[in-house]
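Here is coords-v1.csv, consisting of CSV, C-alpha atoms and all ligand atoms:
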chain,number,residue,atom,x,y,z
A,1,MET,CA,-2.0,46.9,-26.3
A,2,ALA,CA,-0.6,50.2,-27.5
A,3,ASN,CA,-2.8,52.1,-29.9
A,4,SER,CA,-0.2,54.9,-30.3
A,5,SER,CA,3.2,54.6,-31.9
A,6,PRO,CA,6.5,56.0,-30.7
A,7,SER,CA,6.9,59.6,-32.0
A,8,ASN,CA,9.9,58.6,-34.2
A,9,GLY,CA,7.6,56.2,-36.1
A,10,ALA,CA,9.3,53.1,-34.8
A,11,LYS,CA,7.3,49.9,-34.2
A,12,PRO,CA,6.6,49.4,-30.5
A,13,ALA,CA,8.8,46.7,-29.0
A,14,SER,CA,7.2,43.4,-27.9
A,15,VAL,CA,8.5,41.7,-24.8
A,16,LEU,CA,8.4,38.1,-23.6
A,17,PHE,CA,9.5,37.1,-20.1
A,18,VAL,CA,10.7,33.5,-19.7
A,19,CYS,CA,11.3,31.3,-16.7
A,20,LEU,CA,11.0,27.5,-16.2
A,21,GLY,CA,7.4,26.8,-15.4
A,22,ASN,CA,5.7,30.3,-16.0
A,23,ILE,CA,3.9,30.4,-12.7
A,24,CYS,CA,6.3,32.3,-10.4
A,25,ARG,CA,8.9,34.6,-11.8
A,26,SER,CA,8.0,35.3,-15.4
A,27,PRO,CA,4.3,36.2,-14.6
A,28,MET,CA,5.6,38.3,-11.7
A,29,ALA,CA,7.9,40.2,-14.2
A,30,GLU,CA,5.1,40.4,-16.7
A,31,GLY,CA,2.6,41.8,-14.2
A,32,ALA,CA,5.1,44.3,-12.9
A,33,PHE,CA,6.2,45.4,-16.4
A,34,ARG,CA,2.5,45.7,-17.5
A,35,HIS,CA,1.9,47.9,-14.5
A,36,LEU,CA,5.0,50.1,-15.1
A,37,THR,CA,4.1,50.6,-18.8
A,38,SER,CA,0.4,51.1,-18.1
A,39,ALA,CA,-0.3,48.2,-20.5
A,40,GLY,CA,-3.8,47.9,-21.8
A,41,THR,CA,-4.8,51.4,-20.8
A,42,SER,CA,-5.0,54.6,-22.9
A,43,ASN,CA,-1.7,55.7,-21.3
A,44,GLN,CA,0.3,52.7,-22.4
A,45,ASN,CA,3.9,53.5,-23.0
A,46,PRO,CA,4.0,54.0,-26.8
A,47,LEU,CA,7.4,52.3,-27.0
A,48,ILE,CA,6.0,49.0,-25.8
A,49,GLY,CA,3.7,46.7,-27.8
A,50,GLU,CA,2.7,43.1,-26.8
A,51,ILE,CA,3.9,41.8,-23.4
A,52,ASP,CA,3.7,38.1,-22.5
A,53,SER,CA,5.4,35.4,-20.4
A,54,CYS,CA,6.0,31.7,-20.8
A,55,GLY,CA,8.1,28.8,-19.5
A,56,THR,CA,10.9,26.8,-21.1
A,57,GLY,CA,9.1,23.7,-19.6
A,58,ALA,CA,5.5,22.6,-19.8
A,59,TYR,CA,5.3,21.4,-16.2
A,60,HIS,CA,2.5,23.9,-15.3
A,61,ALA,CA,0.9,24.5,-18.7
A,62,GLY,CA,-2.6,25.8,-18.2
A,63,ASP,CA,-2.2,26.5,-14.5
A,64,TYR,CA,-2.9,30.0,-13.0
A,65,SER,CA,0.1,31.9,-11.5
A,66,ASP,CA,1.3,30.7,-8.1
A,67,SER,CA,-0.9,32.3,-5.3
A,68,ARG,CA,2.2,33.8,-3.7
A,69,THR,CA,3.1,35.6,-7.0
A,70,MET,CA,-0.5,37.0,-7.1
A,71,SER,CA,-0.5,38.1,-3.5
A,72,VAL,CA,2.8,39.9,-3.8
A,73,LEU,CA,1.6,41.6,-7.0
A,74,ARG,CA,-1.6,42.6,-5.1
A,75,ASP,CA,0.3,44.0,-2.2
A,76,ASN,CA,2.1,46.2,-4.7
A,77,GLY,CA,-1.1,47.5,-6.1
A,78,ILE,CA,-1.3,45.2,-9.2
A,79,THR,CA,-4.7,43.7,-9.0
A,80,ASN,CA,-5.9,43.3,-12.6
A,81,TYR,CA,-3.3,40.8,-13.8
A,82,LYS,CA,-4.2,37.2,-14.6
A,83,HIS,CA,-2.2,34.7,-16.5
A,84,GLN,CA,-2.3,31.0,-17.4
A,85,ALA,CA,1.0,29.2,-17.8
A,86,ARG,CA,2.2,28.1,-21.2
A,87,ARG,CA,5.4,26.7,-22.7
A,88,VAL,CA,7.4,28.7,-25.2
A,89,ASN,CA,6.1,28.2,-28.8
A,90,ILE,CA,8.9,27.2,-31.1
A,91,PRO,CA,9.4,28.8,-33.6
A,92,GLU,CA,6.5,31.4,-33.3
A,93,ASP,CA,7.6,33.2,-30.1
A,94,PHE,CA,11.1,33.7,-31.4
A,95,LYS,CA,9.8,35.3,-34.6
A,96,LYS,CA,7.1,37.4,-32.9
A,97,PHE,CA,8.8,39.0,-29.9
A,98,ASP,CA,11.6,41.6,-30.1
A,99,TYR,CA,12.9,41.1,-26.6
A,100,ILE,CA,12.9,37.6,-25.0
A,101,ILE,CA,14.0,38.0,-21.5
A,102,ALA,CA,15.3,35.1,-19.4
A,103,MET,CA,14.9,35.3,-15.7
A,104,ASP,CA,18.1,33.3,-14.9
A,105,ALA,CA,21.2,31.9,-16.7
A,106,ASP,CA,19.6,28.4,-17.1
A,107,ASN,CA,16.5,29.8,-18.8
A,108,LEU,CA,18.8,31.7,-21.1
A,109,MET,CA,20.9,28.6,-21.9
A,110,ASP,CA,17.7,26.6,-22.6
A,111,LEU,CA,16.4,29.4,-24.9
A,112,ARG,CA,19.7,29.5,-26.8
A,113,ASP,CA,19.6,25.7,-27.3
A,114,MET,CA,16.0,26.0,-28.7
A,115,VAL,CA,17.0,28.7,-31.1
A,116,LYS,CA,20.1,26.7,-32.2
A,117,ARG,CA,18.0,23.6,-32.9
A,118,ALA,CA,15.3,25.5,-34.7
A,119,LYS,CA,17.9,27.1,-36.9
A,120,LYS,CA,19.4,23.7,-37.6
A,121,ASN,CA,16.2,22.3,-38.8
A,122,GLY,CA,15.3,25.4,-40.8
A,123,GLN,CA,12.4,26.7,-38.6
A,124,LEU,CA,14.3,29.9,-37.9
A,125,ASN,CA,16.7,31.8,-40.0
A,126,GLY,CA,16.8,35.4,-38.6
A,127,ASN,CA,18.4,37.4,-35.8
A,128,GLU,CA,16.6,35.3,-33.1
A,129,MET,CA,19.8,34.8,-31.0
A,130,GLU,CA,20.2,38.5,-30.6
A,131,LYS,CA,16.7,38.8,-29.1
A,132,LEU,CA,17.6,36.7,-26.1
A,133,HIS,CA,18.7,38.6,-23.0
A,134,LEU,CA,19.2,38.0,-19.3
A,135,TYR,CA,16.8,39.9,-17.2
A,136,GLY,CA,19.6,41.9,-15.5
A,137,GLU,CA,20.6,43.5,-18.8
A,138,PHE,CA,17.5,45.6,-18.6
A,139,GLY,CA,15.6,45.8,-15.4
A,140,GLY,CA,18.1,44.4,-12.9
A,141,LYS,CA,20.1,46.3,-10.4
A,142,THR,CA,23.3,44.8,-11.8
A,143,LYS,CA,23.9,43.6,-15.3
A,144,GLU,CA,24.4,40.0,-14.2
A,145,GLU,CA,21.4,39.9,-11.9
A,146,GLU,CA,19.3,36.8,-12.1
A,147,ILE,CA,15.9,36.3,-10.6
A,148,GLY,CA,16.2,33.2,-8.4
A,149,ASP,CA,13.4,30.6,-8.5
A,150,PRO,CA,11.3,31.2,-5.3
A,151,TYR,CA,9.0,28.2,-5.8
A,152,TYR,CA,10.4,25.9,-3.1
A,153,GLY,CA,10.7,28.7,-0.5
A,154,GLY,CA,8.4,30.8,1.5
A,155,ARG,CA,6.5,33.9,0.5
A,156,ASP,CA,9.5,36.1,1.3
A,157,GLY,CA,11.3,34.7,-1.8
A,158,PHE,CA,8.5,36.0,-3.9
A,159,GLU,CA,8.8,39.4,-2.3
A,160,ILE,CA,12.5,39.5,-3.2
A,161,ALA,CA,11.7,38.4,-6.8
A,162,TYR,CA,9.1,41.3,-7.0
A,163,LYS,CA,11.7,43.8,-5.7
A,164,GLN,CA,14.1,42.6,-8.4
A,165,ASP,CA,11.4,43.2,-11.0
A,166,GLU,CA,11.1,46.8,-10.0
A,167,MET,CA,12.8,49.6,-11.9
A,168,PRO,CA,16.5,50.4,-11.5
A,169,ILE,CA,17.7,53.1,-9.2
A,170,THR,CA,17.1,56.7,-10.3
A,171,LEU,CA,19.8,59.3,-9.6
A,172,TYR,CA,18.7,62.9,-9.6
A,173,PHE,CA,21.7,64.6,-10.9
A,174,LEU,CA,22.1,68.4,-10.5
A,175,GLN,CA,25.0,69.6,-12.7
A,176,THR,CA,28.1,70.8,-10.8
A,177,SER,CA,27.1,69.1,-7.6
A,178,ARG,CA,28.1,66.2,-5.4
A,179,ALA,CA,25.8,64.0,-7.5
A,180,VAL,CA,28.9,63.0,-9.4
A,181,ARG,CA,30.2,61.0,-6.4
A,182,ILE,CA,27.0,58.9,-6.4
A,183,ALA,CA,27.2,58.5,-10.2
A,184,TRP,CA,30.7,57.1,-9.6
A,185,LEU,CA,29.5,54.8,-6.8
A,186,LEU,CA,26.7,53.4,-8.9
A,187,GLU,CA,29.2,52.6,-11.7
A,188,GLU,CA,31.7,51.1,-9.3
A,189,LEU,CA,29.0,48.8,-7.8
A,190,GLY,CA,27.9,47.8,-11.3
A,191,LEU,CA,24.4,49.0,-10.7
A,192,ASP,CA,22.1,49.9,-13.5
A,193,SER,CA,20.5,53.3,-13.0
A,194,ASN,CA,18.4,55.9,-14.7
A,195,VAL,CA,20.2,59.3,-14.4
A,196,GLU,CA,17.9,62.3,-14.5
A,197,TYR,CA,20.1,65.3,-15.4
A,198,HIS,CA,19.2,68.9,-14.5
A,199,ASP,CA,21.3,71.8,-15.7
A,200,ARG,CA,21.8,74.7,-13.4
A,201,GLU,CA,20.4,78.1,-14.3
A,202,ALA,CA,22.7,80.6,-16.0
A,203,ASN,CA,23.5,82.2,-12.6
A,204,MET,CA,24.3,78.7,-11.2
A,205,ASP,CA,21.1,78.5,-9.1
A,206,THR,CA,19.3,75.2,-8.8
A,207,PRO,CA,16.4,75.1,-11.3
A,208,MET,CA,12.9,74.8,-10.0
A,209,SER,CA,12.5,71.5,-12.0
A,210,TYR,CA,15.1,70.0,-9.6
A,211,ARG,CA,14.0,71.7,-6.4
A,212,PHE,CA,10.6,70.3,-6.5
A,213,LYS,CA,11.3,66.7,-7.5
A,214,PRO,CA,8.5,64.5,-6.1
A,215,GLY,CA,9.8,62.4,-3.3
A,216,MET,CA,12.9,64.5,-2.8
A,217,ALA,CA,12.0,66.2,0.4
A,218,VAL,CA,14.1,69.4,0.1
A,219,GLY,CA,15.4,69.2,-3.4
A,220,ARG,CA,19.0,68.8,-2.4
A,221,SER,CA,21.5,67.2,-4.7
A,222,PRO,CA,22.3,64.3,-4.8
A,223,GLY,CA,19.1,62.4,-4.4
A,224,ILE,CA,18.1,58.8,-5.4
A,225,SER,CA,15.0,56.7,-5.6
A,226,ASP,CA,15.3,53.0,-5.3
A,227,GLY,CA,11.8,51.5,-5.3
A,228,ASN,CA,10.0,53.2,-2.5
A,229,VAL,CA,13.2,54.5,-0.8
A,230,ASN,CA,14.0,58.1,-1.5
A,231,LEU,CA,17.2,59.5,-0.1
A,232,ILE,CA,19.3,62.7,0.0
A,233,GLU,CA,22.7,63.4,1.6
A,234,SER,CA,25.6,61.8,-0.2
A,235,VAL,CA,27.0,60.0,2.8
A,236,ALA,CA,23.6,58.5,3.7
A,237,ILE,CA,23.2,57.4,0.0
A,238,ALA,CA,26.7,56.0,-0.2
A,239,GLU,CA,26.1,53.9,3.0
A,240,TYR,CA,22.7,52.7,1.8
A,241,LEU,CA,24.1,51.6,-1.6
A,242,CYS,CA,27.0,49.8,0.0
A,243,GLU,CA,24.9,48.1,2.7
A,244,LYS,CA,22.4,46.9,0.1
A,245,TYR,CA,24.4,46.2,-3.0
A,246,ASP,CA,28.1,45.8,-2.1
A,247,LYS,CA,27.6,42.1,-1.6
A,248,SER,CA,31.3,41.3,-1.4
A,249,SER,CA,31.9,44.2,1.0
A,250,ARG,CA,34.6,45.6,-1.3
A,251,LEU,CA,33.9,49.3,-0.6
A,252,LEU,CA,32.6,49.1,2.9
A,253,PRO,CA,34.6,46.2,4.5
A,254,ASN,CA,33.1,43.8,6.9
A,255,ASP,CA,35.6,44.0,9.7
A,256,PRO,CA,34.0,46.3,12.3
A,257,ALA,CA,37.1,48.3,12.9
A,258,VAL,CA,38.0,48.8,9.3
A,259,ARG,CA,34.4,49.6,8.5
A,260,ALA,CA,34.3,52.2,11.2
A,261,ASN,CA,37.4,53.7,9.8
A,262,VAL,CA,36.0,54.0,6.3
A,263,ARG,CA,32.8,55.6,7.8
A,264,MET,CA,34.9,58.0,9.8
A,265,TRP,CA,36.5,59.3,6.6
A,266,MET,CA,33.2,59.5,4.8
A,267,TYR,CA,31.7,61.7,7.6
A,268,ALA,CA,35.0,63.7,7.9
A,269,SER,CA,35.1,64.4,4.2
A,270,ASP,CA,31.5,65.7,4.4
A,271,GLY,CA,32.3,68.0,7.3
A,272,THR,CA,35.4,69.3,5.5
A,273,PHE,CA,33.4,70.1,2.4
A,274,PHE,CA,30.9,71.9,4.6
A,275,MET,CA,33.6,74.0,6.2
A,276,HIS,CA,35.1,74.9,2.8
A,277,GLY,CA,31.7,75.7,1.6
A,278,LEU,CA,31.1,78.0,4.5
A,279,SER,CA,34.3,80.0,4.0
A,280,ILE,CA,33.4,80.5,0.3
A,281,LEU,CA,30.0,81.6,1.3
A,282,TYR,CA,31.3,84.1,3.9
A,283,CYS,CA,33.9,85.5,1.5
A,284,SER,CA,31.5,85.9,-1.4
A,285,GLY,CA,29.1,87.8,0.9
A,286,ALA,CA,31.7,90.3,2.3
A,287,ALA,CA,34.4,90.3,-0.3
A,288,PRO,CA,36.6,93.4,0.1
A,289,ASP,CA,37.0,95.3,-3.1
A,290,SER,CA,40.4,97.0,-2.6
A,291,ALA,CA,43.8,96.3,-1.1
A,292,GLU,CA,43.1,98.9,1.6
A,293,ALA,CA,39.9,97.2,2.6
A,294,ILE,CA,41.6,93.8,2.7
A,295,SER,CA,44.3,95.1,5.1
A,296,THR,CA,41.6,96.5,7.3
A,297,CYS,CA,39.7,93.2,7.3
A,298,LEU,CA,42.8,91.3,8.3
A,299,THR,CA,43.3,93.2,11.6
A,300,PRO,CA,41.5,91.9,14.7
A,301,GLN,CA,39.7,95.2,14.9
A,302,GLY,CA,38.4,94.7,11.3
A,303,VAL,CA,37.1,91.3,12.2
A,304,GLN,CA,35.5,92.6,15.4
A,305,ALA,CA,33.9,95.5,13.5
A,306,GLY,CA,32.2,92.8,11.4
A,307,VAL,CA,33.9,93.8,8.2
A,308,VAL,CA,34.4,90.0,7.7
A,309,SER,CA,31.7,88.0,9.5
B,401,LIG,N1,25.9,67.3,2.7
B,401,LIG,C1,25.2,67.2,1.5
B,401,LIG,C2,25.4,68.5,0.7
B,401,LIG,C3,24.5,68.6,-0.4
B,401,LIG,C4,24.5,70.0,-1.1
B,401,LIG,O1,25.0,71.0,-0.6
B,401,LIG,N2,24.0,70.0,-2.3
B,401,LIG,C5,23.9,71.2,-3.1
B,401,LIG,C6,24.7,71.0,-4.4
B,401,LIG,S1,26.3,70.5,-4.2
B,401,LIG,C7,22.5,71.4,-3.5
B,401,LIG,O2,21.7,70.5,-3.3
B,401,LIG,N3,22.0,72.6,-3.9
B,401,LIG,C8,20.7,72.7,-4.3
B,401,LIG,C9,19.9,73.7,-3.5
B,401,LIG,O3,20.5,74.3,-2.5
B,401,LIG,O4,18.7,73.9,-3.8
B,401,LIG,C10,25.5,66.0,0.7
B,401,LIG,O5,26.7,65.6,0.6
B,401,LIG,O6,24.6,65.5,0.0
Structure encoded using structure tokens:
Amino acid sequence: MANSSPSNGAKPASVLFVCLGNICRSPMAEGAFRHLTSAGTSNQNPLIGEIDSCGTGAYHAGDYSDSRTMSVLRDNGITNYKHQARRVNIPEDFKKFDYIIAMDADNLMDLRDMVKRAKKNGQLNGNEMEKLHLYGEFGGKTKEEEIGDPYYGGRDGFEIAYKQDEMPITLYFLQTSRAVRIAWLLEELGLDSNVEYHDREANMDTPMSYRFKPGMAVGRSPGISDGNVNLIESVAIAEYLCEKYDKSSRLLPNDPAVRANVRMWMYASDGTFFMHGLSILYCSGAAPDSAEAISTCLTPQGVQAGVVS
């Protein structure tokens, strides 16, 4: 529990994750979120207060979290989380928590029905409906993202659910750089992302704060982090985002010939940029400063003499 408050004096927000039985998805989200916000430690994110999870149903009340949830959390370095399933408390949970986050659309619908009924019989009379959200609105890679129930599948379903519980993509954005293409792509794919902006220095140099970004091998822009994937090079990033998130193959079509054609233009545009960049670089290094010098440069002898390299 946080013992410090946000610097603006606001009350830390409390968060409740909700799925059906509270043994698979919502404890996974709770465990991952506790870890991300350093809950229960002296470093706890001051914006976050109480964190809990529950189920819309009581099927597993009192049970410990599914062993597959626990083993996936452990594999991701989360070893100190323990939870016993419980059903949502009506009306208490709806009064107590600021954010009530449903893992899928059915959970959200059930929660809405509960609030409606509790309002009808006078148990609730506040802004409870506004507290209800679908997971994807916050942590998901897309706004509509749902965390599918992995209960009846193998352990890999739990691994997918964990991946979904991880933070959104971070785009390291250097001003006046090709990062703008990736920002566009993230928006076009409907992906939620944190954008970390870095202004250039007055002389347009890349600031040191950008150059030495952890995980960004050589501090080039654009760069992204997506879970434990760190990437630079805009074409590589664009391909990765399309392969992973363009589920309908809208931007990178499925047909191999068309796909190859799109790729060809992606690589070609990068090469063209590089060539333009080189000519600007050469000119800026050896810019002639008079009409006479320019005419000398433009003769083959001028070029051979290295006036223009
Ligand atoms: N081919 C690369 C080019 C990247 C590039 O040249 N980035 C420049 C900004 S547009 C950069 O990172 N400059 C920072 C530096 O050189 O430290 C791509 O498309 O990602």
Q.
For a test of reading the model, state the distance in Å between CA of Leu185 in chain A and atom C7 of ligand LIG 401 (chain B), rounded to one decimal.
A. 18.3 Å
Q: Enumerate as a PyMOL selection string the residues within 12 Å of ligand LIG 401 (chain B), counting all atoms listed in the file.
A: chain A and resi 172-182+198-201+204-213+216-224+231-239+266-278+281
Q) Can you list, as a PyMOL selection string, every protein, DNA or RNA residue that comes within 9 Å of Tyr64 in chain A when you count only C-alpha atoms, leaving out same-chain residues fewer than 2 positions away? A) chain A and resi 23+60-62+66-67+82-85
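Reported to one decimal place, the separation of CA of Thr56 in chain A from CA of Asp113 in chain A is 10.7 Å.
Closest approach to Leu47 in chain A among A:Asn125, A:Gly77, A:Val72, A:Ser14: A:Ser14, based on all atoms listed in the file.
CA of Lys119 in chain A is found 10.7 Å from CA of Ile90 in chain A.
Each of A:Val115, A:Ala58, A:Ile100, A:Met70 was checked against His133 in chain A using all atoms listed in the file; the smallest atom-to-atom distance is that of A:Ile100.
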Env of Thr37 in chain A: 10 Å cut, atoms = all atoms listed in the file, seq-sep filter 3 positions within chain, self excluded. Answer as a PDB file with C-alpha atoms, in the frame of the given file.
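Output contents, as saved in result27.pdb:
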ATOM      1  CA  ALA A   2      -0.600  50.200 -27.500  1.00  0.00           C
ATOM      2  CA  ALA A  32       5.100  44.300 -12.900  1.00  0.00           C
ATOM      3  CA  PHE A  33       6.200  45.400 -16.400  1.00  0.00           C
ATOM      4  CA  ARG A  34       2.500  45.700 -17.500  1.00  0.00           C
ATOM      5  CA  GLY A  40      -3.800  47.900 -21.800  1.00  0.00           C
ATOM      6  CA  THR A  41      -4.800  51.400 -20.800  1.00  0.00           C
ATOM      7  CA  ASN A  43      -1.700  55.700 -21.300  1.00  0.00           C
ATOM      8  CA  GLN A  44       0.300  52.700 -22.400  1.00  0.00           C
ATOM      9  CA  ASN A  45       3.900  53.500 -23.000  1.00  0.00           C
ATOM     10  CA  PRO A  46       4.000  54.000 -26.800  1.00  0.00           C
ATOM     11  CA  LEU A  47       7.400  52.300 -27.000  1.00  0.00           C
ATOM     12  CA  ILE A  48       6.000  49.000 -25.800  1.00  0.00           C
ATOM     13  CA  GLY A  49       3.700  46.700 -27.800  1.00  0.00           C
ATOM     14  CA  ILE A  51       3.900  41.800 -23.400  1.00  0.00           C
TER      15      ILE A  51
END
Q: Find the spatial neighbours of range 106-109 of chain A, counting all atoms listed in the file, within a cut-off of 9 Å - ignore same-chain residues fewer than 3 positions away - and output them as a PyMOL selection string.
A: chain A and resi 18-20+55-56+101-103+112-114+132-134
Q: Please provide the set of residues having any atom within 7 Å of Ser193 in chain A, restricted to all atoms listed in the file, with same-chain residues fewer than 6 positions apart removed, written as a VMD selection string.
A: chain A and resid 168 to 171
Those residues with C-alpha atoms, as a short mmCIF file (atom, residue, chain, number, x, y, z; two decimals), keeping the file's coordinate frame please?
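The file below, selection_35.cif, is the result:
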data_model
loop_
_atom_site.label_atom_id
_atom_site.label_comp_id
_atom_site.auth_asym_id
_atom_site.auth_seq_id
_atom_site.Cartn_x
_atom_site.Cartn_y
_atom_site.Cartn_z
CA PRO A 168 16.50 50.40 -11.50
CA ILE A 169 17.70 53.10 -9.20
CA THR A 170 17.10 56.70 -10.30
CA LEU A 171 19.80 59.30 -9.60
#
